[in-house]
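For reference, data.csv (CSV, C-alpha atoms and all ligand atoms):
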chain,number,residue,atom,x,y,z
A,25,MET,CA,29.3,94.0,78.1
A,26,HIS,CA,27.4,94.6,74.9
A,27,LEU,CA,29.4,94.3,71.7
A,28,GLU,CA,28.0,94.6,68.2
A,29,GLY,CA,27.4,91.1,66.7
A,30,PHE,CA,27.3,89.2,70.0
A,31,PRO,CA,26.1,86.8,71.2
A,32,GLN,CA,27.2,84.9,68.1
A,33,PRO,CA,25.8,81.4,67.5
A,34,VAL,CA,28.2,78.9,66.0
A,35,THR,CA,27.4,75.3,64.8
A,36,LEU,CA,30.4,73.0,65.2
A,37,ARG,CA,31.4,70.3,62.8
A,38,ASP,CA,29.5,67.7,64.9
A,39,GLY,CA,26.3,69.8,64.9
A,40,ALA,CA,26.7,71.1,68.5
A,41,HIS,CA,25.4,74.7,69.0
A,42,VAL,CA,27.8,77.0,70.8
A,43,VAL,CA,27.5,80.6,71.6
A,44,ILE,CA,30.4,83.1,71.4
A,45,ARG,CA,29.9,86.1,73.6
A,46,PRO,CA,31.9,88.6,75.6
A,47,LEU,CA,33.2,87.5,79.0
A,48,ARG,CA,31.1,88.7,81.9
A,49,ALA,CA,32.1,89.6,85.5
A,50,ILE,CA,30.0,86.6,86.7
A,51,ASP,CA,31.9,84.0,84.6
A,52,GLY,CA,34.7,83.6,87.2
A,53,SER,CA,33.9,80.1,88.4
A,54,GLU,CA,33.2,78.7,84.9
A,55,LEU,CA,36.4,80.2,83.6
A,56,LEU,CA,38.4,78.7,86.4
A,57,GLU,CA,36.8,75.3,85.9
A,58,PHE,CA,37.6,75.6,82.1
A,59,TYR,CA,41.3,76.3,82.6
A,60,ARG,CA,41.7,73.9,85.5
A,61,ALA,CA,40.8,71.1,83.2
A,62,PHE,CA,43.8,71.8,81.0
A,63,PRO,CA,46.8,69.5,81.5
A,64,GLU,CA,49.8,71.3,83.1
A,65,GLU,CA,51.8,70.9,80.0
A,66,GLU,CA,49.4,73.2,78.1
A,67,ARG,CA,48.8,75.6,80.9
A,68,GLN,CA,52.6,76.3,81.0
A,69,PHE,CA,52.4,77.7,77.5
A,70,LEU,CA,49.7,80.1,78.4
A,71,ARG,CA,50.6,83.6,79.5
A,72,ASP,CA,49.4,83.4,83.2
A,73,ASP,CA,48.7,80.9,85.9
A,74,VAL,CA,45.2,80.4,84.6
A,75,SER,CA,44.3,77.7,87.2
A,76,SER,CA,44.4,80.0,90.2
A,77,PRO,CA,41.3,81.9,91.6
A,78,GLU,CA,43.6,85.0,92.1
A,79,TRP,CA,44.4,85.0,88.4
A,80,VAL,CA,40.7,84.7,87.5
A,81,ASP,CA,39.8,87.6,89.8
A,82,ARG,CA,42.6,89.8,88.4
A,83,PHE,CA,41.7,88.8,84.8
A,84,LEU,CA,38.0,89.7,85.3
A,85,LYS,CA,39.1,93.1,86.6
A,86,LYS,CA,41.5,93.6,83.6
A,87,VAL,CA,38.9,92.8,81.0
A,88,ASP,CA,37.6,96.2,80.3
A,89,PHE,CA,37.1,95.8,76.5
A,90,GLU,CA,39.6,98.6,76.1
A,91,GLU,CA,43.0,97.1,76.7
A,92,VAL,CA,41.9,93.5,77.4
A,93,VAL,CA,39.1,92.0,75.3
A,94,SER,CA,37.8,88.5,76.1
A,95,LEU,CA,35.3,86.3,74.3
A,96,VAL,CA,34.1,83.0,75.6
A,97,ALA,CA,32.4,80.1,73.9
A,98,GLU,CA,29.5,78.6,75.9
A,99,LEU,CA,28.0,75.1,75.5
A,100,ASP,CA,25.1,74.0,77.7
A,101,GLY,CA,26.0,76.7,80.3
A,102,ALA,CA,29.7,75.8,80.5
A,103,VAL,CA,32.7,77.7,79.2
A,104,VAL,CA,34.3,75.5,76.5
A,105,GLY,CA,36.6,78.1,74.9
A,106,GLU,CA,38.2,81.4,75.5
A,107,THR,CA,40.1,84.0,73.4
A,108,THR,CA,41.8,87.1,74.6
A,109,LEU,CA,43.1,90.2,72.9
A,110,TYR,CA,45.7,92.4,74.7
A,111,ARG,CA,46.6,95.8,73.4
A,112,THR,CA,47.9,99.1,74.7
A,113,ARG,CA,46.2,102.4,74.1
A,114,TYR,CA,49.4,104.5,74.3
A,115,GLY,CA,52.8,104.4,72.7
A,116,TRP,CA,54.3,103.1,69.5
A,117,THR,CA,52.6,99.6,69.5
A,118,ARG,CA,49.1,101.0,70.0
A,119,HIS,CA,48.1,99.6,66.6
A,120,VAL,CA,49.2,96.1,67.6
A,121,GLY,CA,47.1,93.4,69.4
A,122,GLU,CA,48.2,90.1,70.9
A,123,ILE,CA,45.9,87.2,70.7
A,124,ARG,CA,45.5,84.0,72.7
A,125,VAL,CA,43.0,81.2,72.2
A,126,ALA,CA,42.1,78.0,74.1
A,127,VAL,CA,39.5,75.3,73.6
A,128,ALA,CA,38.4,72.5,76.0
A,129,HIS,CA,39.9,69.1,75.0
A,130,ALA,CA,36.6,67.4,74.7
A,131,ILE,CA,35.5,69.5,71.8
A,132,ARG,CA,38.7,70.2,69.9
A,133,ARG,CA,39.1,69.7,66.2
A,134,LYS,CA,35.4,70.7,65.5
A,135,GLY,CA,36.1,74.2,64.4
A,136,LEU,CA,35.7,76.1,67.6
A,137,GLY,CA,39.3,77.3,67.9
A,138,THR,CA,39.0,78.8,64.4
A,139,ALA,CA,35.6,80.3,65.1
A,140,LEU,CA,36.8,81.9,68.3
A,141,ALA,CA,40.0,83.3,66.8
A,142,ARG,CA,38.1,84.5,63.7
A,143,SER,CA,35.6,86.4,65.8
A,144,LEU,CA,38.3,88.0,67.8
A,145,VAL,CA,40.4,89.0,64.7
A,146,LYS,CA,37.2,90.5,63.2
A,147,LEU,CA,36.5,92.4,66.5
A,148,ALA,CA,40.1,93.5,66.8
A,149,THR,CA,40.0,94.9,63.2
A,150,ASN,CA,36.8,96.7,64.0
A,151,LEU,CA,38.5,98.2,67.1
A,152,GLY,CA,41.2,99.7,64.9
A,153,ILE,CA,44.0,97.1,65.5
A,154,GLU,CA,46.2,97.1,62.4
A,155,LYS,CA,48.5,94.2,63.2
A,156,MET,CA,47.9,91.1,65.3
A,157,VAL,CA,50.4,88.8,66.8
A,158,VAL,CA,50.3,85.4,68.4
A,159,GLN,CA,53.1,83.5,70.1
A,160,VAL,CA,53.2,79.7,69.7
A,161,VAL,CA,55.7,77.0,70.6
A,162,GLU,CA,56.8,74.9,67.6
A,163,SER,CA,55.1,71.8,69.1
A,164,GLN,CA,51.7,73.6,69.2
A,165,ILE,CA,50.7,72.4,65.7
A,166,ALA,CA,47.0,72.9,66.2
A,167,ALA,CA,47.6,76.6,67.3
A,168,ARG,CA,49.9,77.2,64.3
A,169,ARG,CA,47.4,75.7,61.8
A,170,THR,CA,44.5,77.6,63.4
A,171,PHE,CA,46.2,81.0,62.9
A,172,GLU,CA,47.6,80.1,59.5
A,173,LYS,CA,44.0,79.5,58.4
A,174,LEU,CA,43.3,83.0,59.4
A,175,GLY,CA,46.1,84.6,57.4
A,176,PHE,CA,48.8,84.6,60.1
A,177,ALA,CA,52.4,83.8,59.1
A,178,GLN,CA,55.6,83.3,60.9
A,179,GLU,CA,57.5,86.6,61.4
A,180,ALA,CA,60.2,85.8,64.0
A,181,THR,CA,61.6,83.2,66.2
A,182,LEU,CA,62.5,83.9,69.8
A,183,ARG,CA,65.2,81.3,70.6
A,184,ALA,CA,65.0,79.4,73.9
A,185,HIS,CA,62.3,81.8,75.0
A,186,VAL,CA,60.1,79.5,77.2
A,187,LYS,CA,60.7,76.5,79.5
A,188,ASP,CA,58.3,73.6,79.3
A,189,VAL,CA,57.2,71.5,82.3
A,190,ARG,CA,60.4,69.5,82.2
A,191,GLY,CA,62.4,72.7,82.3
A,192,MET,CA,63.5,72.3,78.6
A,193,LYS,CA,64.0,75.6,76.8
A,194,ARG,CA,61.9,75.9,73.6
A,195,ASP,CA,61.8,78.3,70.8
A,196,VAL,CA,58.7,80.5,70.4
A,197,MET,CA,57.4,81.5,67.0
A,198,VAL,CA,55.9,84.9,66.6
A,199,MET,CA,53.1,84.8,64.0
A,200,SER,CA,51.5,87.9,62.7
A,201,ASN,CA,48.7,89.2,60.5
A,202,ASP,CA,48.9,92.7,59.2
A,203,VAL,CA,45.4,93.9,58.5
A,204,SER,CA,46.3,97.6,57.9
A,205,HIS,CA,45.3,97.2,54.2
A,206,ILE,CA,41.7,96.9,55.4
A,207,TRP,CA,42.0,100.3,57.1
A,208,GLU,CA,43.9,101.8,54.2
A,209,ALA,CA,41.1,100.6,51.8
A,210,MET,CA,38.5,102.2,54.1
A,211,GLU,CA,40.4,105.4,54.4
A,212,ALA,CA,40.8,105.5,50.6
A,213,MET,CA,37.0,104.9,50.2
A,214,VAL,CA,36.3,107.8,52.5
A,215,SER,CA,38.7,110.2,50.8
A,216,ASP,CA,37.3,109.3,47.4
A,217,TYR,CA,33.9,110.2,48.5
A,218,SER,CA,33.2,113.8,47.6
A,219,PRO,CA,29.6,114.7,48.4
A,220,THR,CA,27.9,117.1,46.0
A,221,VAL,CA,26.8,120.4,47.6
A,222,GLU,CA,23.5,121.5,46.3
A,301,LIG,C1,44.8,75.7,69.3
A,301,LIG,C2,43.4,75.3,69.7
A,301,LIG,C3,42.7,76.5,70.3
A,301,LIG,C4,42.7,74.8,68.5
A,301,LIG,O1,41.3,74.6,68.9
A,301,LIG,P1,40.4,73.6,68.0
A,301,LIG,O2,39.0,73.9,68.4
A,301,LIG,O3,40.8,72.2,68.0
A,301,LIG,O4,40.6,74.3,66.5
A,301,LIG,P2,39.9,73.9,65.1
A,301,LIG,O5,39.0,72.7,65.3
A,301,LIG,O6,39.3,75.1,64.6
A,301,LIG,O7,41.2,73.5,64.3
A,301,LIG,C5,41.9,74.4,63.5
A,301,LIG,C6,43.0,73.7,62.7
A,301,LIG,O8,44.0,73.3,63.5
A,301,LIG,C7,44.6,72.1,63.0
A,301,LIG,N1,44.5,71.1,64.0
A,301,LIG,C8,43.7,71.1,65.1
A,301,LIG,N2,44.0,70.1,65.9
A,301,LIG,C9,45.0,69.5,65.4
A,301,LIG,C10,45.8,68.4,65.7
A,301,LIG,N3,45.6,67.7,66.9
A,301,LIG,N4,46.8,68.0,64.9
A,301,LIG,C11,47.1,68.7,63.8
A,301,LIG,N5,46.4,69.8,63.4
A,301,LIG,C12,45.4,70.1,64.2
A,301,LIG,C13,43.8,71.7,61.8
A,301,LIG,O9,44.4,72.2,60.6
A,301,LIG,C14,42.5,72.5,62.0
A,301,LIG,O10,41.8,72.8,60.9
A,301,LIG,P3,40.9,71.7,60.1
A,301,LIG,O11,40.2,70.9,61.2
A,301,LIG,O12,40.0,72.5,59.3
A,301,LIG,O13,41.9,70.9,59.4
A,301,LIG,C15,43.4,74.2,70.8
A,301,LIG,O14,44.2,73.1,70.3
A,301,LIG,C16,44.0,74.6,72.2
A,301,LIG,O15,43.3,75.1,73.0
A,301,LIG,N6,45.3,74.3,72.4
A,301,LIG,C17,45.9,74.7,73.7
A,301,LIG,C18,46.1,76.2,73.9
A,301,LIG,C19,47.0,76.7,72.8
A,301,LIG,O16,48.0,76.1,72.3
A,301,LIG,N7,46.7,77.9,72.4
A,301,LIG,C20,47.4,78.6,71.3
A,301,LIG,C21,48.4,79.6,71.9
A,301,LIG,S1,47.7,81.2,71.9

When written as structure tokens, how does the structure in this file appear?
Ligand SMILES: CC(C)(COP(=O)(O)OP(=O)(O)OC[C@H]1O[C@@H](n2cnc3c(N)ncnc32)[C@H](O)[C@@H]1OP(=O)(O)O)[C@@H](O)C(=O)NCCC(=O)NCCS
Amino acid sequence: MHLEGFPQPVTLRDGAHVVIRPLRAIDGSELLEFYRAFPEEERQFLRDDVSSPEWVDRFLKKVDFEEVVSLVAELDGAVVGETTLYRTRYGWTRHVGEIRVAVAHAIRRKGLGTALARSLVKLATNLGIEKMVVQVVESQIAARRTFEKLGFAQEATLRAHVKDVRGMKRDVMVMSNDVSHIWEAMEAMVSDYSPTVE
């Protein structure tokens, strides 16, 4: 898939060079390897059973860059990060996108999570999304901070909404970022522009 601005080179805090690019149909085994390395505790908080080959197959089919957009970060040929945008093209939430992001343990805290989420937020804005949401459990401090840095703020709490690996119910925070002002400013610019007819 070709998207404007990708592949995007990123230099991490330790100097490592990573490339952010759209997921390809041939990335299945790398993606599976990436998610299988996550501890079960973290996988539970993700939206799907990301450690199964069936999920990877289904996911690769779903990624059409219309309703499901996926970017991966590649380092030395391996997938070390992934971020997904889910949206619907019909109905009253068609202006809303939901984001998810994950980074391999070995290279966390070097800025990759922020870089991936930032790239996806920018891409989502370019695709016309006006509001982005992300769901995090209160213990996911890194995820909360990552999205706060990008302008997301807590909008709601879903009480006892998920069960962790021990079966304990946990609250989920819905964080959101309303970027509609960017679109309103662009629309205002266009309507202010009145070309002179010779
Ligand atoms: C959330 C996640 C993607 C962040 O990836 P990352 O590459 O470590 O992110 P960054 O290095 O860009 O860190 C972003 C900010 O998070 C905060 N942060 C990261 N790790 C942290 C930790 N262990 N403790 C406290 N804060 C932390 C920091 O504020 C950091 O910014 P700073 O380094 O400039 O201070 C990663 O931790 C992850 O994959 N977690 C599991 C999956 C998940 O929870 N996804 C979110 C739900 S959608």

Within-8 Å residues of ligand LIG 301 (chain A), basis all atoms listed in the file, as a short mmCIF file (atom, residue, chain, number, x, y, z; two decimals) with C-alpha atoms, in the frame of the given file:
data_model
loop_
_atom_site.label_atom_id
_atom_site.label_comp_id
_atom_site.auth_asym_id
_atom_site.auth_seq_id
_atom_site.Cartn_x
_atom_site.Cartn_y
_atom_site.Cartn_z
CA GLU A 66 49.40 73.20 78.10
CA ARG A 67 48.80 75.60 80.90
CA PHE A 69 52.40 77.70 77.50
CA LEU A 70 49.70 80.10 78.40
CA GLY A 105 36.60 78.10 74.90
CA ILE A 123 45.90 87.20 70.70
CA ARG A 124 45.50 84.00 72.70
CA VAL A 125 43.00 81.20 72.20
CA ALA A 126 42.10 78.00 74.10
CA VAL A 127 39.50 75.30 73.60
CA ALA A 128 38.40 72.50 76.00
CA HIS A 129 39.90 69.10 75.00
CA ILE A 131 35.50 69.50 71.80
CA ARG A 132 38.70 70.20 69.90
CA ARG A 133 39.10 69.70 66.20
CA LYS A 134 35.40 70.70 65.50
CA GLY A 135 36.10 74.20 64.40
CA LEU A 136 35.70 76.10 67.60
CA GLY A 137 39.30 77.30 67.90
CA THR A 138 39.00 78.80 64.40
CA ALA A 139 35.60 80.30 65.10
CA VAL A 158 50.30 85.40 68.40
CA GLN A 159 53.10 83.50 70.10
CA VAL A 160 53.20 79.70 69.70
CA VAL A 161 55.70 77.00 70.60
CA GLN A 164 51.70 73.60 69.20
CA ILE A 165 50.70 72.40 65.70
CA ALA A 166 47.00 72.90 66.20
CA ALA A 167 47.60 76.60 67.30
CA ARG A 168 49.90 77.20 64.30
CA ARG A 169 47.40 75.70 61.80
CA THR A 170 44.50 77.60 63.40
CA PHE A 171 46.20 81.00 62.90
CA LYS A 173 44.00 79.50 58.40
#

Checklist line | Shell of 12 Å around A:Gly29, all atoms listed in the file, local chain residues under 2 positions omitted, as a list in words | finding: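 Returned residues: Met25, His26, Leu27, Pro31, Gln32, Pro33, Val43, Ile44, Arg45, Pro46, Leu95, Ser143, Leu144, Lys146, Leu147 and Asn150 of chain A.
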
With a cut-off of 8 Å, could you pull out the residues of stretch 136-200 of chain A touching stretch 106-119 of chain A and give me the nearest pair of atoms for each, distance in Å to one decimal, using only C-alpha atoms, ordered by chain and ascending number, as a Markdown table?
| residue | atom | partner | partner_atom | distance |
| --- | --- | --- | --- | --- |
| A:Leu140 | CA | A:Thr107 | CA | 6.4 |
| A:Ala141 | CA | A:Thr107 | CA | 6.6 |
| A:Leu144 | CA | A:Thr107 | CA | 7.1 |
| A:Ala148 | CA | A:Leu109 | CA | 7.6 |
| A:Gly152 | CA | A:His119 | CA | 7.1 |
| A:Ile153 | CA | A:His119 | CA | 4.9 |
| A:Glu154 | CA | A:His119 | CA | 5.2 |
| A:Lys155 | CA | A:His119 | CA | 6.4 |

Note to self: I'd like to know which of A:Ala97, A:Val92, A:Leu182, A:Leu56 is closest to A:Ser76, using only C-alpha atoms.
What the structure shows: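 Of A:Ala97, A:Val92, A:Leu182, A:Leu56, the one nearest A:Ser76, counting only C-alpha atoms, is A:Leu56.
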
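Here atom CA of A:Ala40 stands at a distance of 22.8 Å from atom CA of A:Arg60.
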